[in-house]
>>> print(open('query-v5.tsv').read())   # TSV, C-alpha atoms
chain	number	residue	atom	x	y	z
A	3	MET	CA	15.20	-0.39	24.57
A	4	THR	CA	18.35	-0.06	26.61
A	5	PRO	CA	21.87	0.19	25.17
A	6	THR	CA	24.26	-2.64	26.02
A	7	ASP	CA	27.96	-1.77	26.24
A	8	GLY	CA	27.21	1.59	24.63
A	9	ALA	CA	25.44	0.11	21.59
A	10	LEU	CA	21.74	0.05	20.83
A	11	ARG	CA	20.79	-2.85	18.58
A	12	TYR	CA	18.05	-2.51	16.01
A	13	ASP	CA	16.85	-6.02	15.23
A	14	GLU	CA	13.49	-5.14	13.68
A	15	GLY	CA	14.74	-5.19	10.11
A	16	VAL	CA	11.92	-3.97	7.85
A	17	PHE	CA	9.30	-4.61	10.55
A	18	ILE	CA	8.94	-1.12	12.00
A	19	GLY	CA	5.92	1.17	12.28
A	20	TYR	CA	2.77	-0.07	10.55
A	21	ARG	CA	4.68	-3.06	9.18
A	22	ALA	CA	5.27	-4.27	12.75
A	23	TRP	CA	1.65	-3.66	13.80
A	24	GLN	CA	0.49	-6.00	11.03
A	25	ARG	CA	2.43	-8.87	12.64
A	26	GLY	CA	1.06	-8.40	16.16
A	27	ASP	CA	-2.13	-9.35	17.93
A	28	VAL	CA	-2.89	-5.79	19.06
A	29	GLU	CA	-4.46	-3.22	16.75
A	30	PRO	CA	-3.52	0.45	16.96
A	31	ALA	CA	-6.24	3.03	17.61
A	32	TYR	CA	-5.69	4.40	14.09
A	33	TRP	CA	-4.01	2.40	11.34
A	34	PHE	CA	-1.41	3.92	9.02
A	35	GLY	CA	-3.13	6.01	6.38
A	36	HIS	CA	-6.32	6.43	8.39
A	37	GLY	CA	-8.05	9.68	7.61
A	38	ILE	CA	-11.25	11.31	8.75
A	39	GLY	CA	-13.65	12.88	6.29
A	40	TYR	CA	-17.23	14.01	6.00
A	41	THR	CA	-18.39	11.63	3.27
A	42	ASP	CA	-18.26	7.97	2.25
A	43	TRP	CA	-16.40	6.50	-0.68
A	44	GLU	CA	-16.98	3.39	-2.78
A	45	TYR	CA	-14.06	1.84	-4.63
A	46	GLU	CA	-15.47	0.75	-7.99
A	47	SER	CA	-12.55	-0.48	-10.09
A	48	ALA	CA	-8.80	-0.87	-10.24
A	49	GLU	CA	-6.49	-1.61	-13.14
A	50	PHE	CA	-2.73	-1.92	-13.40
A	51	ALA	CA	-0.68	-1.26	-16.54
A	52	PRO	CA	2.89	-2.56	-16.34
A	53	ALA	CA	5.61	-0.16	-17.51
A	54	ASP	CA	8.58	-0.92	-19.70
A	55	ASP	CA	10.86	1.21	-17.55
A	56	GLU	CA	13.73	0.36	-15.23
A	57	HIS	CA	12.43	2.80	-12.58
A	58	ILE	CA	8.65	2.33	-12.80
A	59	LEU	CA	6.82	-0.93	-12.14
A	60	GLY	CA	3.58	0.39	-13.62
A	61	THR	CA	0.56	2.62	-13.21
A	62	ALA	CA	-2.55	1.88	-11.17
A	63	THR	CA	-5.82	3.52	-12.16
A	64	ILE	CA	-8.53	3.44	-9.48
A	65	VAL	CA	-12.09	4.73	-9.87
A	66	VAL	CA	-13.86	5.83	-6.69
A	67	ARG	CA	-17.32	7.29	-6.18
A	68	ASN	CA	-18.40	9.74	-3.53
A	69	ALA	CA	-21.30	7.78	-1.99
A	70	GLY	CA	-22.05	10.38	0.67
A	71	ALA	CA	-24.18	13.51	0.83
A	72	ARG	CA	-21.28	16.00	0.94
A	73	ALA	CA	-18.41	16.94	-1.32
A	74	GLY	CA	-15.19	15.32	-0.18
A	75	ARG	CA	-11.56	14.46	-0.62
A	76	GLU	CA	-10.13	10.93	-0.55
A	77	VAL	CA	-6.51	9.80	-0.41
A	78	VAL	CA	-6.44	6.58	-2.43
A	79	GLN	CA	-3.59	4.38	-1.19
A	80	ALA	CA	-1.86	1.54	-3.04
A	81	TYR	CA	-0.04	-1.21	-1.14
A	82	LEU	CA	2.12	-3.97	-2.57
A	83	ALA	CA	2.01	-7.40	-0.95
A	84	PRO	CA	3.85	-10.61	-1.78
A	85	ALA	CA	1.59	-12.94	-3.79
A	86	GLU	CA	2.74	-15.76	-1.48
A	87	ALA	CA	3.21	-15.24	2.27
A	88	ASP	CA	6.84	-14.62	3.21
A	89	SER	CA	7.84	-14.35	6.88
A	90	GLU	CA	10.95	-12.36	5.89
A	91	ARG	CA	8.87	-9.58	4.32
A	92	PRO	CA	6.05	-7.37	5.58
A	93	ALA	CA	2.48	-8.38	4.78
A	94	ARG	CA	2.18	-5.19	2.68
A	95	TRP	CA	3.82	-1.80	2.28
A	96	LEU	CA	2.81	1.56	0.84
A	97	ALA	CA	3.71	1.80	-2.85
A	98	GLY	CA	1.98	5.07	-3.70
A	99	PHE	CA	-1.04	7.30	-3.20
A	100	ALA	CA	-3.12	9.97	-4.90
A	101	SER	CA	-5.68	12.48	-3.68
A	102	VAL	CA	-9.03	12.96	-5.42
A	103	THR	CA	-12.07	15.16	-4.81
A	104	ALA	CA	-15.67	14.70	-5.90
A	105	GLU	CA	-19.14	16.07	-5.36
A	106	PRO	CA	-21.84	13.73	-3.98
A	107	GLY	CA	-22.61	10.87	-6.38
A	108	ARG	CA	-19.69	11.75	-8.68
A	109	ARG	CA	-16.75	9.58	-9.63
A	110	ALA	CA	-13.08	10.46	-9.52
A	111	THR	CA	-10.08	8.66	-10.96
A	112	ALA	CA	-6.84	8.27	-9.03
A	113	VAL	CA	-3.69	7.51	-11.01
A	114	ILE	CA	-0.79	6.12	-8.99
A	115	THR	CA	2.66	5.49	-10.44
A	116	VAL	CA	4.25	2.55	-8.64
A	117	PRO	CA	8.06	2.70	-8.49
A	118	ARG	CA	9.92	-0.49	-9.40
A	119	ARG	CA	11.94	-0.21	-6.16
A	120	SER	CA	8.76	-0.93	-4.17
A	121	ALA	CA	8.76	-4.46	-5.64
A	122	GLN	CA	12.45	-5.09	-4.99
A	123	VAL	CA	14.54	-6.37	-2.09
A	124	TRP	CA	18.15	-5.69	-1.12
A	125	ARG	CA	20.13	-8.85	-1.86
A	126	ASP	CA	23.72	-9.60	-2.82
A	127	GLY	CA	24.75	-5.95	-2.54
A	128	GLY	CA	22.02	-4.49	-4.75
A	129	TRP	CA	18.30	-4.06	-5.40
A	130	ARG	CA	16.79	-7.15	-7.01
A	131	ASP	CA	13.25	-8.01	-8.12
A	132	ALA	CA	11.55	-10.01	-5.39
A	133	ALA	CA	10.65	-13.58	-6.32
A	134	GLY	CA	7.08	-14.82	-6.46
A	135	GLY	CA	5.22	-11.78	-7.74
A	136	HIS	CA	2.98	-9.27	-6.03
A	137	VAL	CA	-0.59	-8.15	-5.59
A	138	LEU	CA	-1.60	-4.50	-5.45
A	139	GLU	CA	-4.15	-3.67	-2.76
A	140	VAL	CA	-5.93	-0.30	-2.91
A	141	GLY	CA	-8.06	1.40	-0.32
A	142	ARG	CA	-8.37	3.99	2.43
A	143	SER	CA	-5.62	2.73	4.79
A	144	VAL	CA	-3.36	-0.22	5.44
A	145	ALA	CA	-6.26	-1.86	7.32
A	146	ASP	CA	-9.07	-0.82	4.94
A	147	ARG	CA	-8.14	-2.16	1.54
A	148	ARG	CA	-11.05	-2.37	-0.89
A	149	LEU	CA	-9.74	-3.86	-4.17
A	150	THR	CA	-6.88	-6.18	-5.09
A	151	VAL	CA	-5.14	-6.58	-8.45
A	152	ASP	CA	-2.99	-9.68	-8.92
A	153	LEU	CA	0.03	-8.33	-10.79
A	154	ARG	CA	0.91	-11.82	-12.02
A	155	ASN	CA	-2.23	-12.12	-14.17
A	156	GLY	CA	-4.15	-8.82	-13.89
A	157	THR	CA	-7.24	-10.23	-12.17
A	158	VAL	CA	-9.16	-7.93	-9.81
A	159	ALA	CA	-10.89	-8.94	-6.56
A	160	GLY	CA	-12.78	-6.90	-4.06
>>> encode(input="query-v5.tsv", output="structure tokens")
Amino acid sequence: MTPTDGALRYDEGVFIGYRAWQRGDVEPAYWFGHGIGYTDWEYESAEFAPADDEHILGTATIVVRNAGARAGREVVQAYLAPAEADSERPARWLAGFASVTAEPGRRATAVITVPRRSAQVWRDGGWRDAAGGHVLEVGRSVADRRLTVDLRNGTVAG
């Protein structure tokens, strides 16, 4: 980008970094959140418990199993996405994460507190709850999401 008349305009809005890559036709070599490990993980279940708190949207509980032959560590990532497509908002954004470890064949539980702010937008001079509801997508990276919880009705897909 080149400044014009001494000013550099930033017109991307919220579509920067991995949020911008999701809109394009080109994939990066490594998606946001991509990690390299020495074992494989299966995502077995996800639940979301809403909170009665002005600062916390709720708590996600995700059960993963080390399906590989070696002990390992996994960073379980939770992304919020609008329940209905919205061209003014990113397809999804990181809402929280937790690290777990497990021996081969063992399960681990990740507990992720999702801040209310992650489900809000800046409008009319303040943070407001976004209309239309959200889904919570959990997985290994922004491009490798394994389970989805519809926060409008609590159903799980994946």
>>> closest_atom_pairs(input="query-v5.tsv", of="region 48-73 of chain A", to="region 119-122 of chain A", cutoff="9 Å", atoms="only C-alpha atoms", output="Markdown table")
| residue | atom | partner | partner_atom | distance |
| --- | --- | --- | --- | --- |
| A:His57 | CA | A:Arg119 | CA | 7.1 |
| A:Ile58 | CA | A:Arg119 | CA | 7.8 |
| A:Leu59 | CA | A:Ala121 | CA | 7.6 |
>>> write_last_selection(input="query-v5.tsv", atoms="C-alpha atoms", output="PDB file, in the coordinates of the input")
ATOM      1  CA  HIS A  57      12.430   2.800 -12.580  1.00  0.00           C
ATOM      2  CA  ILE A  58       8.650   2.330 -12.800  1.00  0.00           C
ATOM      3  CA  LEU A  59       6.820  -0.930 -12.140  1.00  0.00           C
TER       4      LEU A  59
END
>>> atom_distance(input="query-v5.tsv", atom1="CA of Trp43 (chain A)", atom2="CA of Ala145 (chain A)")
15.4 Å
>>> closest_residue(input="query-v5.tsv", among="A:Arg118, A:Gly156, A:Val123, A:Trp33", to="Asp54 (chain A)", atoms="only C-alpha atoms")
A:Arg118
>>> atom_distance(input="query-v5.tsv", atom1="CA of Ile114 (chain A)", atom2="CA of Arg130 (chain A)")
22.1 Å
>>> closest_residue(input="query-v5.tsv", among="A:Arg91, A:Arg72, A:His36, A:Arg125", to="Val16 (chain A)", atoms="only C-alpha atoms")
A:Arg91
>>> closest_residue(input="query-v5.tsv", among="A:Ala53, A:Val137, A:Leu153, A:Val65", to="Ala93 (chain A)", atoms="all atoms listed in the file")
A:Val137
>>> atom_distance(input="query-v5.tsv", atom1="CA of Glu139 (chain A)", atom2="CA of Ala31 (chain A)")
21.5 Å
>>> residues_around(input="query-v5.tsv", residues="Thr150 (chain A)", least_positions_apart="5", cutoff="12 Å", atoms="all atoms listed in the file", output="list in words")
Tyr45, Glu46, Ser47, Ala48, Glu49, Phe50, Ala62, Ile64, Gln79, Ala80, Tyr81, Leu82, Ala83, Ala85, Arg94, His136, Val137, Leu138, Glu139, Val140, Gly141, Asn155, Gly156, Thr157, Val158, Ala159 and Gly160 of chain A
>>> closest_residue(input="query-v5.tsv", among="A:Asn68, A:Thr6, A:Gln24, A:Thr111", to="Phe99 (chain A)", atoms="all atoms listed in the file")
A:Thr111
>>> closest_residue(input="query-v5.tsv", among="A:Gly26, A:Gly127, A:Gly74, A:Gly15", to="Ile38 (chain A)", atoms="only C-alpha atoms")
A:Gly74
>>> residues_around(input="query-v5.tsv", residues="Arg75 (chain A)", least_positions_apart="3", cutoff="7 Å", atoms="only C-alpha atoms", output="NGL selection string")
:A and (101-104)
>>> build_atoms(input="query-v5.tsv", residues="region 50-74 of chain A", atoms="N, CA, C and O atoms", output="PDB file, keeping the file's coordinate frame")
ATOM      1  N   PHE A  50      -4.175  -2.151 -13.486  1.00  0.00           N
ATOM      2  CA  PHE A  50      -2.730  -1.920 -13.400  1.00  0.00           C
ATOM      3  C   PHE A  50      -2.130  -2.141 -14.773  1.00  0.00           C
ATOM      4  O   PHE A  50      -2.350  -3.182 -15.397  1.00  0.00           O
ATOM      5  N   ALA A  51      -1.373  -1.156 -15.254  1.00  0.00           N
ATOM      6  CA  ALA A  51      -0.680  -1.260 -16.540  1.00  0.00           C
ATOM      7  C   ALA A  51       0.815  -1.314 -16.271  1.00  0.00           C
ATOM      8  O   ALA A  51       1.396  -0.334 -15.792  1.00  0.00           O
ATOM      9  N   PRO A  52       1.448  -2.467 -16.539  1.00  0.00           N
ATOM     10  CA  PRO A  52       2.890  -2.560 -16.340  1.00  0.00           C
ATOM     11  C   PRO A  52       3.641  -1.571 -17.225  1.00  0.00           C
ATOM     12  O   PRO A  52       3.183  -1.235 -18.320  1.00  0.00           O
ATOM     13  N   ALA A  53       4.784  -1.102 -16.744  1.00  0.00           N
ATOM     14  CA  ALA A  53       5.610  -0.160 -17.510  1.00  0.00           C
ATOM     15  C   ALA A  53       6.847  -0.880 -18.030  1.00  0.00           C
ATOM     16  O   ALA A  53       7.347  -1.821 -17.407  1.00  0.00           O
ATOM     17  N   ASP A  54       7.323  -0.414 -19.152  1.00  0.00           N
ATOM     18  CA  ASP A  54       8.580  -0.920 -19.700  1.00  0.00           C
ATOM     19  C   ASP A  54       9.644   0.110 -19.366  1.00  0.00           C
ATOM     20  O   ASP A  54      10.124   0.851 -20.219  1.00  0.00           O
ATOM     21  N   ASP A  55       9.972   0.165 -18.059  1.00  0.00           N
ATOM     22  CA  ASP A  55      10.860   1.210 -17.550  1.00  0.00           C
ATOM     23  C   ASP A  55      11.647   0.619 -16.386  1.00  0.00           C
ATOM     24  O   ASP A  55      11.073  -0.070 -15.544  1.00  0.00           O
ATOM     25  N   GLU A  56      12.920   0.915 -16.308  1.00  0.00           N
ATOM     26  CA  GLU A  56      13.730   0.360 -15.230  1.00  0.00           C
ATOM     27  C   GLU A  56      13.406   0.966 -13.871  1.00  0.00           C
ATOM     28  O   GLU A  56      13.735   0.396 -12.836  1.00  0.00           O
ATOM     29  N   HIS A  57      12.732   2.126 -13.835  1.00  0.00           N
ATOM     30  CA  HIS A  57      12.430   2.800 -12.580  1.00  0.00           C
ATOM     31  C   HIS A  57      10.964   2.724 -12.166  1.00  0.00           C
ATOM     32  O   HIS A  57      10.641   3.017 -11.022  1.00  0.00           O
ATOM     33  N   ILE A  58      10.086   2.364 -13.095  1.00  0.00           N
ATOM     34  CA  ILE A  58       8.650   2.330 -12.800  1.00  0.00           C
ATOM     35  C   ILE A  58       8.106   0.930 -13.039  1.00  0.00           C
ATOM     36  O   ILE A  58       8.282   0.366 -14.124  1.00  0.00           O
ATOM     37  N   LEU A  59       7.443   0.395 -12.021  1.00  0.00           N
ATOM     38  CA  LEU A  59       6.820  -0.930 -12.140  1.00  0.00           C
ATOM     39  C   LEU A  59       5.580  -0.835 -13.031  1.00  0.00           C
ATOM     40  O   LEU A  59       5.331  -1.684 -13.872  1.00  0.00           O
ATOM     41  N   GLY A  60       4.780   0.213 -12.820  1.00  0.00           N
ATOM     42  CA  GLY A  60       3.580   0.390 -13.620  1.00  0.00           C
ATOM     43  C   GLY A  60       2.697   1.477 -13.055  1.00  0.00           C
ATOM     44  O   GLY A  60       3.067   2.174 -12.107  1.00  0.00           O
ATOM     45  N   THR A  61       1.506   1.595 -13.622  1.00  0.00           N
ATOM     46  CA  THR A  61       0.560   2.620 -13.210  1.00  0.00           C
ATOM     47  C   THR A  61      -0.761   1.979 -12.831  1.00  0.00           C
ATOM     48  O   THR A  61      -1.316   1.188 -13.591  1.00  0.00           O
ATOM     49  N   ALA A  62      -1.239   2.347 -11.646  1.00  0.00           N
ATOM     50  CA  ALA A  62      -2.550   1.880 -11.170  1.00  0.00           C
ATOM     51  C   ALA A  62      -3.568   2.981 -11.422  1.00  0.00           C
ATOM     52  O   ALA A  62      -3.302   4.151 -11.154  1.00  0.00           O
ATOM     53  N   THR A  63      -4.727   2.588 -11.938  1.00  0.00           N
ATOM     54  CA  THR A  63      -5.820   3.520 -12.160  1.00  0.00           C
ATOM     55  C   THR A  63      -7.013   3.021 -11.349  1.00  0.00           C
ATOM     56  O   THR A  63      -7.487   1.903 -11.572  1.00  0.00           O
ATOM     57  N   ILE A  64      -7.477   3.831 -10.412  1.00  0.00           N
ATOM     58  CA  ILE A  64      -8.530   3.440  -9.480  1.00  0.00           C
ATOM     59  C   ILE A  64      -9.691   4.415  -9.613  1.00  0.00           C
ATOM     60  O   ILE A  64      -9.488   5.632  -9.563  1.00  0.00           O
ATOM     61  N   VAL A  65     -10.901   3.893  -9.790  1.00  0.00           N
ATOM     62  CA  VAL A  65     -12.090   4.730  -9.870  1.00  0.00           C
ATOM     63  C   VAL A  65     -12.839   4.613  -8.551  1.00  0.00           C
ATOM     64  O   VAL A  65     -13.143   3.503  -8.089  1.00  0.00           O
ATOM     65  N   VAL A  66     -13.104   5.767  -7.937  1.00  0.00           N
ATOM     66  CA  VAL A  66     -13.860   5.830  -6.690  1.00  0.00           C
ATOM     67  C   VAL A  66     -15.091   6.703  -6.907  1.00  0.00           C
ATOM     68  O   VAL A  66     -15.116   7.539  -7.809  1.00  0.00           O
ATOM     69  N   ARG A  67     -16.099   6.479  -6.086  1.00  0.00           N
ATOM     70  CA  ARG A  67     -17.320   7.290  -6.180  1.00  0.00           C
ATOM     71  C   ARG A  67     -17.652   7.841  -4.806  1.00  0.00           C
ATOM     72  O   ARG A  67     -17.623   7.121  -3.814  1.00  0.00           O
ATOM     73  N   ASN A  68     -17.976   9.116  -4.761  1.00  0.00           N
ATOM     74  CA  ASN A  68     -18.400   9.740  -3.530  1.00  0.00           C
ATOM     75  C   ASN A  68     -19.834   9.278  -3.262  1.00  0.00           C
ATOM     76  O   ASN A  68     -20.771   9.701  -3.925  1.00  0.00           O
ATOM     77  N   ALA A  69     -19.996   8.374  -2.294  1.00  0.00           N
ATOM     78  CA  ALA A  69     -21.300   7.780  -1.990  1.00  0.00           C
ATOM     79  C   ALA A  69     -22.021   8.526  -0.872  1.00  0.00           C
ATOM     80  O   ALA A  69     -23.091   8.109  -0.438  1.00  0.00           O
ATOM     81  N   GLY A  70     -21.451   9.626  -0.416  1.00  0.00           N
ATOM     82  CA  GLY A  70     -22.050  10.380   0.670  1.00  0.00           C
ATOM     83  C   GLY A  70     -22.872  11.559   0.180  1.00  0.00           C
ATOM     84  O   GLY A  70     -23.072  11.753  -1.020  1.00  0.00           O
ATOM     85  N   ALA A  71     -23.321  12.360   1.128  1.00  0.00           N
ATOM     86  CA  ALA A  71     -24.180  13.510   0.830  1.00  0.00           C
ATOM     87  C   ALA A  71     -23.401  14.824   0.742  1.00  0.00           C
ATOM     88  O   ALA A  71     -23.996  15.868   0.496  1.00  0.00           O
ATOM     89  N   ARG A  72     -22.086  14.782   0.963  1.00  0.00           N
ATOM     90  CA  ARG A  72     -21.280  16.000   0.940  1.00  0.00           C
ATOM     91  C   ARG A  72     -20.106  15.849  -0.020  1.00  0.00           C
ATOM     92  O   ARG A  72     -19.643  14.745  -0.272  1.00  0.00           O
ATOM     93  N   ALA A  73     -19.628  16.961  -0.514  1.00  0.00           N
ATOM     94  CA  ALA A  73     -18.410  16.940  -1.320  1.00  0.00           C
ATOM     95  C   ALA A  73     -17.272  16.463  -0.418  1.00  0.00           C
ATOM     96  O   ALA A  73     -17.307  16.656   0.803  1.00  0.00           O
ATOM     97  N   GLY A  74     -16.275  15.821  -1.017  1.00  0.00           N
ATOM     98  CA  GLY A  74     -15.190  15.320  -0.180  1.00  0.00           C
ATOM     99  C   GLY A  74     -13.898  15.088  -0.926  1.00  0.00           C
ATOM    100  O   GLY A  74     -13.830  15.195  -2.150  1.00  0.00           O
TER     101      GLY A  74
END
